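Only one structure is covered here, and it is reproduced in the block below.
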Amino acid sequence: MPERMQIALVVNGESRTTAVEPRDSLADCLRENLGLTGTHLGCEHGMCGACTIIVDGRTARACLLLAVEANGSEITTVEGVASGEALHPIQQAFMEEHALQCGFCTPGFVMTLYQLLRERPDADEAEIRDHLGGHLCRCTGYRNILVAAVKARARLRDARAGQPGVRA
Amino acid sequence: MFVADVQRPGTLYMAVLRSRYAHARIRGIDTATCRAMPGVALALTAQDLTELAKPLPVLRQGARLKGRDYPVLPADKAIYVGQPLAAVVATSRARAEDALETIAVDYEPLPVVSSVEEALRPGAPLLHEAWGDNIANGLTHETGDVAGALAEAAVVLTREFRIGRVTALPLEGRGVVAEYDRSTERLTVWYSSQAPHLFRTVLAGVLGFPEGRIHVISRDVGGGFGLKLHYHAEEVLAAVATLRLARPVKWIEDRLESFIGSTQAREQIIELTVGATAEGRINAVRAKILGDVGAHVHTKGTGPLGATADIMTAGYGVPNYAVDMLAVVTNKPPLGAYRGFGAPQAMLAMEGMLDRVAAELRMDPAELRLRNLLRPEQLPYRNPLGSLFDSGNYPETLRRALRLSGYDRWRAEQRERREKGGRLLGIGLAFPVEIGGQGPCQRLLELQVMQGGYETADVRIDASGRVTVSSGIMEIGQGVNTALAQICAEELGVDVDDVDVVLGDTERTPYSNYGTGASRGTVTAGIAVLEATRRVKQKVAELAAHLLEVSPKDVEIEGRRVSVRGAAFRTLSLGAVAEEAYRGQRLPSGMEPGLQARFVYDPEHYTYTCAAHVAVVEVDPETWTVRPLDYFIVHDCGTVINPRQVDGQLQGGVIGGLGEALLEELVYDGDGQLLTGTLMDYLLPTVNDTMPIAIEHMETPSPFSVNGTKGAAEGGMIGGVGAIVCAVADAVRPLGIDVRQCPVSPEILFKLAGAAARREQR
Amino acid sequence: MKPAPFEYCAPTSLDEAIDVLARHGDAAKVLAGGQSLVPMLNMRLVRPSVLISLRHVPALDDVAVTGGWARIGGMARQRAVEEDPAVRQVCPLLTEALGLVAHPAIRNQGTIGGSVVHADPAAEIPAVLVALQGTVTLVSTRGRRTMPADEFFRGPLTTAAEPDELLAEVAFGPLCAPSLASGWAVEEVSRRHGDFALAGAVVALARDADRRIADARIALFGVEDRPTRRPTAEAALRGTRGEPAALTDAAALAVRDVRALEDLHASAGLRAQLAGVLVRRAIDRAYRKVMNDA
């Protein structure tokens with residue numbers, strides 16, 4: 001049996017070290033080793049998007065990344081999106097627009113939108129759909145997710161424009 | 001907290017060995033190497049279970065039903081690819097999977113029955129030798145005189161419809177963490193389920209373990225859609241393992257397993273014969289239903305097929321109806337419940353036939369439906385199988401949907417396009433009549449469903465003035481917890497945020513023998529909550545009145561305060577009243593201490609929601625791709641508690657129906673091997689496959705539920721499958737292409753187009 | 001769905017990488033972006049005893065645009081190449097095709113080299129490489145060799161790469177000579193956006209100052225067992241002014257004698273029909289573009 005390897009990651013701003021087998025996925029490492037269970041496994045072959053996280057500034061499927069490959073990387077998971085007790089505008093919009101029902105797929109959608117709206121704050125609906133197209137949801141039928149995404153885009157714009165009471 | 005998120009100290013992980021053959025005698029299973037692998041704590045086979053676990057029960061009965069139970073692990077033969085044969089428990093899931101590979105199974109392959117046609121052939125291989133055939137159940141029924149009516153009909157059409165096999169595929173698969181504590185002799189099971197209480201009862205029976213010492217917890221459930229009402233082998237195996245090892249044992253279904261280890265759904269062949277008068281009145285329907293129920297009957301028996309038989313004539317008042325249903329076993333995973341149960345299949349066939357009758361009579365399909373839908377004065381209406389439709393204005397619902405969708409404009413555009421050529425436009429209609437509020441205990445017994453349909457609610461006000469509602473119903477994403485809070489809050493006159501709803505924990509909620517399913521939650525649990533809240537409210541009024549020295553009818557409750565009407569300064573907080581109740585020292589004579597009430601609601605009747613769906617699709621005749629353009633629903637589920645939640649159920653249901661109509665199919669080859677066993681081949685709709693869905697509500701309260709509510713969870717799917725398939729059929733009808741199946745893939749259209757072209761040449 | 005156990009190494013130079021690969025041969029698999037390999041590991045469809053990660057090999061993700069050629073290192077991420085303005089300038093066909101590959105999160109990690117070496121017959125990148133007469137450069141301890149793309153793709157998931165060879169670089173040729181105006185299009189049909197194509201066509205056209213079609217490149221993907229150029233159709237277009245009949249004839253020629261694949265999602269008949277339709281649509285769109293190009 002291959003020996004476990006020490007890896008060091010920065011996860012949601014915090015330095016973490018842990019030991020993994022070469023075959024351990026980053027998803028399992030985050031969930032089991034680091035107790036960050038917000039990243040969900042829906043398929044383990046990259047097709048459902050539920051495990052989407054941000055690695056070194058780019059979205060990635062955590063089920064398709066080996067933990068050892070993420071050694072030295074900076075990672076953001078859904079646990080890192082809210083600011084303390086305050087929900088991120090994307091999360092807030094999801095709640096307001098009934099964009100989640102069972103909630104299992106939601107972290108993946110949130111992470112993809114989070115990164116998209118940081119890179120492309122003026123992403124239009126076509127671009128949003130293009131990015132969300134890699135995510136599966138069985139409950140909502142997607143409509144409310146799109147509505148929430150558009151709402152979040154507007155709120156984030158307002159926050160950048162210095163509207164009071166809205167945090168980016 | 002989903003079940004995979006449950007982290008208990010000392011957890012061991014289970015993996016399941018599944019049969020590679022669809023039909024094979026098991027001569028032996030050698031786990032010697034497996035048990036010696038590093039990290040392996042336990043290996044279980046059928047032999048190990050003979051003392052430890054009884055078979056799992058089928059919660060249905062019936063004179064013709066074969067199979068009252070099914071083994072946790074089969075002892076002598078495997079009857080479908082994916083059937084669990086053994087389980088391994090190890091220090092990690094990866095190690096457990098490594099160990100599985102060392103298990104040697106001595107299979108003796110047997111001939112495979114891969115379709116209902118094969119299963120019914122004389123001399124076909126038998127899955128269950130003792131049966132003498134491959135028929136698991138049957139139903140024959142006639143109301144009126146179908147043959148006579150058909151003889152008088154101006155139009156008689158017979159067509160066969162094929163509904164494909166699908167899987168419910170909630171994004172969170174099945175899963176369980178079972179933990180036995182030797183010091184307290186208690187078994188705790190975290191379980192992703194739609195019915196935790198019933199599971200506890202079933203598990204206790206299977207293990208021979210006292211039910212009172214089993215604690216089942218379903219916290220967050222990542223979707224169910226009917227699948228998580230079924231009891232599979234893995235939950236029992238995990239429990240057996242933890243009882244043996246006294247350590248938590250975790251099994252989380254992975255996606256590959258979900259395709260072959262979980263119950264599957266639908267797969268029927270329906271032959272419908274429909275007779276109509278020259279004026280377009282459907283006077284007779286004869287249905288022959290053949291269902292592929294997989295290798296054995298499972299928790300819900302052959303229920304979906306019975307439901308198809310029942311709802312076939314739907315909201316159309318058909319006076320003569322005959323049905324012949326056969327449930328046939330094949331070497332595929334067993335059939336189970338999936339949103340809609342048996343109704344989507346019926347819709348697809350019946351609505352498809354109505355369109356063909358309309359074409360034959362050169363009548364607009366919507367007009368034909370208006371001529372046949374039950375009129376409001378005909379309800380309550382007992383359908384041919386005895387189901388009582390409570391209320392509704394079906395023609396008005398359809399008329400509004402035609403207005404909402406701009407139906408006439410779409411037909412005009414369709415005519416234009418047909419003249420111009422190019423992409424084809426198709427319009428499909430469906431009128432689902434959806435059973436809800438399952439259900440009256442007695443009626444369930446008559447239907448041979450061995451589950452009580454009552455639901456219980458406890459409502460308690462504590463000394464902080466907050467309200468706690470608990471019920472045996474489960475929250476699986478549909479939002480019933482919010483609905484229950486709303487019902488309680490509105491009745492009590494408090495804010496919805498003052499109400500906590502506790503569900504899903506067998507030690508904190510009252511017993512349920514059914515759980516969440518069959519669009520019953522808001523109706524049954526909702527009414528139980530309503531009635532329990534009324535009783536608590538009455539007690540609050542009586543106690544507060546006593547304390548305030550007025551009559552109970554002179555107090556009113558608002559915003560967590562109880563005040564004397566017209567003298568608001570004479571007031572007590574709800575919390576203060578509760579405190580008195582729990583202290584019990586200053587109660588009026590005859591009043592018991594405490595401030596809680598329980599209500600058990602056993603409905604007298606079902607409720608029936610109706611809706612009119614209009615689907616518009618575009619078919620590219622060069623590539624045979626189908627693009628849904630637009631969708632409209634007018635929906636009547638009686639009193640609406642939370643419109644946003646109902647809309648969410650409809651949107652999700654319609655897109656699920658779209659998946660079934662156009663994309664999803666479990667494809668099996670002649671050896672019973674699944675060819676579409678990953679998400680690369682089994683295609684779920686994504687955001688880019690959807691169309692806008694416009695929804696309008698009508699409210700015709702149910703006379704049978706005290707607050708007028710009807711169920712609303714499955715209708716989107718029930719209508720969606722039929723409406724979209726009918727829309728595709730409508731689009732390509734002028735080309736002589738007859739679409740009578742789902743999913744309708746480009747390949748299917750291509751084949752049908754080829755056949756139509758060859759027919760034309762002759 | 002956890003992989004069978006394997007050893008992992010992450011060489012820090014190309015020499016080290018090819019050395020390890022030579023030592024282990026068939027028992028090793030090379031890990032590029034992982035978007036094709038890791039699912040297969042998770043499903044235990046492949047069980048290497050050693051995984052060689054290229055993540056830390058320097059310069060393997062370089063992208064160099066010179067003389068109309070886009071030379072792309074094997075480890076260049078699909079998304080990075082898609083967003084590269086220099087690539088868009090010289091090879092807009094590749095940029096357009098990349099937008100059709102899977103989904104952005106997959107393209108963030110997936111590599112150009114990985115897609116080429118995986119050689120799925122329905123993949124877009126190999127088809128663009130073939131259409132543009134691109135090349136593939138392989139390295140091993142035995143040396144370095146470059147071959148034309150159409151020699152590299154041998155069949156479904158099968159290439160000319162030996163087990164001890166690494167893909168170092170692919171080079172996409174120019175659409176046409178710099179003096180000519182160009183137009184291009186990728187057309188595909190898939191069951192859902194982002195899925196592998198049931199069939200697809202890549203077309204690039206160049207016209208001269210006289211508004212005659214000076215050069216044409218047509219390749220099909222998802223239709224046969226590898227991406228293929230359609231030289232007869234290309235020849236038929238050259239010299240014409242793109243009259244409707246010429247375009248239609250060329251499209252028909254492009255799919256004549258096509259040996260279409262048959263599988264779960266589409267029969268050979270449907271694929272052949274789709275190929276014809278998509279080639280025609282791609283030619284039409286590329287033609288409109290090239291005629292509008294200043």
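Here's how to read the names in the structure tokens: chain A, B, ... by the order shown, residue numbers from 1 in each chain, ligand numbers from 1 in the order shown.
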Contacts of chain B with chain C up to 7 Å, shortest pair per row, only C-alpha atoms, as a tab-separated table:
```
residue	atom	partner	partner_atom	distance
B:Ala94	CA	C:Lys2	CA	5.2
B:Asp98	CA	C:Ala4	CA	6.6
B:Asp254	CA	C:Met1	CA	6.3
B:Glu622	CA	C:Val277	CA	6.7
B:Thr623	CA	C:Leu274	CA	5.8
B:Asn688	CA	C:His193	CA	6.9
B:Asp689	CA	C:Arg192	CA	6.9
B:Glu747	CA	C:Ala266	CA	5.5
B:Phe750	CA	C:Leu270	CA	6.4
```
Cut-off 8 Å: closest chain B/chain A atom pairs per residue, using only C-alpha atoms, as JSON lines:
```
{"residue": "B:Asp5", "atom": "CA", "partner": "A:Thr37", "partner_atom": "CA", "distance": 5.7}
{"residue": "B:Leu169", "atom": "CA", "partner": "A:Arg138", "partner_atom": "CA", "distance": 7.7}
{"residue": "B:Pro170", "atom": "CA", "partner": "A:Arg138", "partner_atom": "CA", "distance": 6.2}
{"residue": "B:Leu171", "atom": "CA", "partner": "A:Gly42", "partner_atom": "CA", "distance": 5.6}
{"residue": "B:Glu172", "atom": "CA", "partner": "A:Gly42", "partner_atom": "CA", "distance": 6.1}
{"residue": "B:Gly173", "atom": "CA", "partner": "A:Gly42", "partner_atom": "CA", "distance": 7.4}
{"residue": "B:Asp220", "atom": "CA", "partner": "A:Cys102", "partner_atom": "CA", "distance": 7.5}
{"residue": "B:Val221", "atom": "CA", "partner": "A:Cys102", "partner_atom": "CA", "distance": 6.5}
{"residue": "B:Gly222", "atom": "CA", "partner": "A:Cys102", "partner_atom": "CA", "distance": 4.9}
{"residue": "B:Gly223", "atom": "CA", "partner": "A:Cys102", "partner_atom": "CA", "distance": 5.6}
{"residue": "B:Asp254", "atom": "CA", "partner": "A:Cys43", "partner_atom": "CA", "distance": 6.7}
{"residue": "B:Arg255", "atom": "CA", "partner": "A:Cys43", "partner_atom": "CA", "distance": 4.8}
{"residue": "B:Leu256", "atom": "CA", "partner": "A:Cys43", "partner_atom": "CA", "distance": 7.8}
{"residue": "B:Ile476", "atom": "CA", "partner": "A:Cys102", "partner_atom": "CA", "distance": 5.9}
{"residue": "B:Gly477", "atom": "CA", "partner": "A:Cys102", "partner_atom": "CA", "distance": 3.6}
{"residue": "B:Gln478", "atom": "CA", "partner": "A:Gln101", "partner_atom": "CA", "distance": 6.0}
{"residue": "B:Gly479", "atom": "CA", "partner": "A:Gln101", "partner_atom": "CA", "distance": 7.0}
{"residue": "B:Arg644", "atom": "CA", "partner": "A:His98", "partner_atom": "CA", "distance": 7.3}
{"residue": "B:Gln645", "atom": "CA", "partner": "A:His98", "partner_atom": "CA", "distance": 7.7}
{"residue": "B:Gly648", "atom": "CA", "partner": "A:Thr140", "partner_atom": "CA", "distance": 5.9}
{"residue": "B:Gln649", "atom": "CA", "partner": "A:Thr140", "partner_atom": "CA", "distance": 7.1}
{"residue": "B:Gln651", "atom": "CA", "partner": "A:Gly141", "partner_atom": "CA", "distance": 5.0}
{"residue": "B:Gly652", "atom": "CA", "partner": "A:Gly141", "partner_atom": "CA", "distance": 3.9}
{"residue": "B:Gly653", "atom": "CA", "partner": "A:Gly141", "partner_atom": "CA", "distance": 7.2}
{"residue": "B:Val654", "atom": "CA", "partner": "A:Gly141", "partner_atom": "CA", "distance": 7.3}
{"residue": "B:Ile655", "atom": "CA", "partner": "A:Gly141", "partner_atom": "CA", "distance": 5.3}
{"residue": "B:Gly656", "atom": "CA", "partner": "A:Arg138", "partner_atom": "CA", "distance": 7.0}
{"residue": "B:Leu679", "atom": "CA", "partner": "A:Met47", "partner_atom": "CA", "distance": 6.2}
{"residue": "B:Met680", "atom": "CA", "partner": "A:Met47", "partner_atom": "CA", "distance": 7.1}
{"residue": "B:Leu684", "atom": "CA", "partner": "A:Leu136", "partner_atom": "CA", "distance": 7.3}
{"residue": "B:Pro685", "atom": "CA", "partner": "A:Leu136", "partner_atom": "CA", "distance": 7.4}
{"residue": "B:Thr686", "atom": "CA", "partner": "A:Gly133", "partner_atom": "CA", "distance": 5.7}
{"residue": "B:Val687", "atom": "CA", "partner": "A:Tyr142", "partner_atom": "CA", "distance": 5.6}
{"residue": "B:Asn688", "atom": "CA", "partner": "A:Gly133", "partner_atom": "CA", "distance": 6.0}
{"residue": "B:Thr690", "atom": "CA", "partner": "A:Gly141", "partner_atom": "CA", "distance": 7.7}
{"residue": "B:Pro692", "atom": "CA", "partner": "A:Arg143", "partner_atom": "CA", "distance": 7.7}
```
Identify all chain A residues at most 6 Å from chain C by counting only C-alpha atoms; ligands do not count. Present them as an MDAnalysis selection string. chainID A and resid 2 22 45 59:60 64 134
Would you please extract all helix (DSSP H, G or I) residues from segment 3-249 of chain C, as assigned by DSSP on the backbone, and give them as a PyMOL selection string? chain C and resi 14-27+37-42+78-82+85-90+92-98+104-109+112-118+124-131+149-152+231-237+244-249
Selection: 7 Å around Tyr454 of chain B, only C-alpha atoms, excl. self and same-chain fewer than 5 positions, as a short mmCIF file (atom, residue, chain, number, x, y, z; two decimals) with all heavy atoms, in the first residue's frame:
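Generated file (result33.cif):
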```
data_model
loop_
_atom_site.label_atom_id
_atom_site.label_comp_id
_atom_site.auth_asym_id
_atom_site.auth_seq_id
_atom_site.Cartn_x
_atom_site.Cartn_y
_atom_site.Cartn_z
N GLY B 439 -53.29 8.86 2.83
CA GLY B 439 -54.65 8.57 2.33
C GLY B 439 -55.44 7.90 3.43
O GLY B 439 -54.89 7.56 4.47
N PRO B 440 -56.65 7.70 3.20
CA PRO B 440 -57.52 7.08 4.21
C PRO B 440 -57.04 5.65 4.51
O PRO B 440 -56.85 4.85 3.59
CB PRO B 440 -58.89 7.05 3.54
CG PRO B 440 -58.79 8.02 2.41
CD PRO B 440 -57.37 8.06 1.98
N CYS B 441 -56.84 5.36 5.78
CA CYS B 441 -56.31 4.04 6.15
C CYS B 441 -57.16 2.91 5.56
O CYS B 441 -56.63 1.93 5.05
CB CYS B 441 -56.24 3.90 7.67
SG CYS B 441 -54.89 4.85 8.41
N THR B 524 -51.87 15.98 4.76
CA THR B 524 -52.07 15.17 5.97
C THR B 524 -51.38 15.77 7.18
O THR B 524 -52.00 15.97 8.22
CB THR B 524 -51.60 13.72 5.74
OG1 THR B 524 -50.22 13.75 5.31
CG2 THR B 524 -52.43 13.03 4.69
N VAL B 600 -54.08 13.26 15.50
CA VAL B 600 -53.84 12.22 14.51
C VAL B 600 -54.89 12.36 13.42
O VAL B 600 -56.09 12.27 13.71
CB VAL B 600 -53.93 10.81 15.14
CG1 VAL B 600 -53.62 9.76 14.07
CG2 VAL B 600 -52.99 10.69 16.32
N TYR B 601 -54.45 12.62 12.22
CA TYR B 601 -55.39 12.85 11.11
C TYR B 601 -55.41 11.65 10.19
O TYR B 601 -54.41 11.32 9.56
CB TYR B 601 -54.97 14.10 10.33
CG TYR B 601 -55.86 14.40 9.15
CD1 TYR B 601 -57.24 14.55 9.29
CD2 TYR B 601 -55.32 14.55 7.86
CE1 TYR B 601 -58.05 14.81 8.20
CE2 TYR B 601 -56.13 14.83 6.78
CZ TYR B 601 -57.49 14.96 6.95
OH TYR B 601 -58.30 15.25 5.88
N ASP B 602 -56.53 10.99 10.15
CA ASP B 602 -56.72 9.91 9.18
C ASP B 602 -57.74 10.44 8.18
O ASP B 602 -58.92 10.53 8.49
CB ASP B 602 -57.24 8.65 9.89
CG ASP B 602 -57.40 7.47 8.93
OD1 ASP B 602 -57.03 7.61 7.73
OD2 ASP B 602 -57.89 6.42 9.36
N PRO B 603 -57.28 10.82 7.00
CA PRO B 603 -58.22 11.44 6.05
C PRO B 603 -59.37 10.50 5.72
O PRO B 603 -59.20 9.28 5.70
CB PRO B 603 -57.37 11.70 4.80
CG PRO B 603 -56.00 11.27 5.11
CD PRO B 603 -55.96 10.60 6.42
#
```
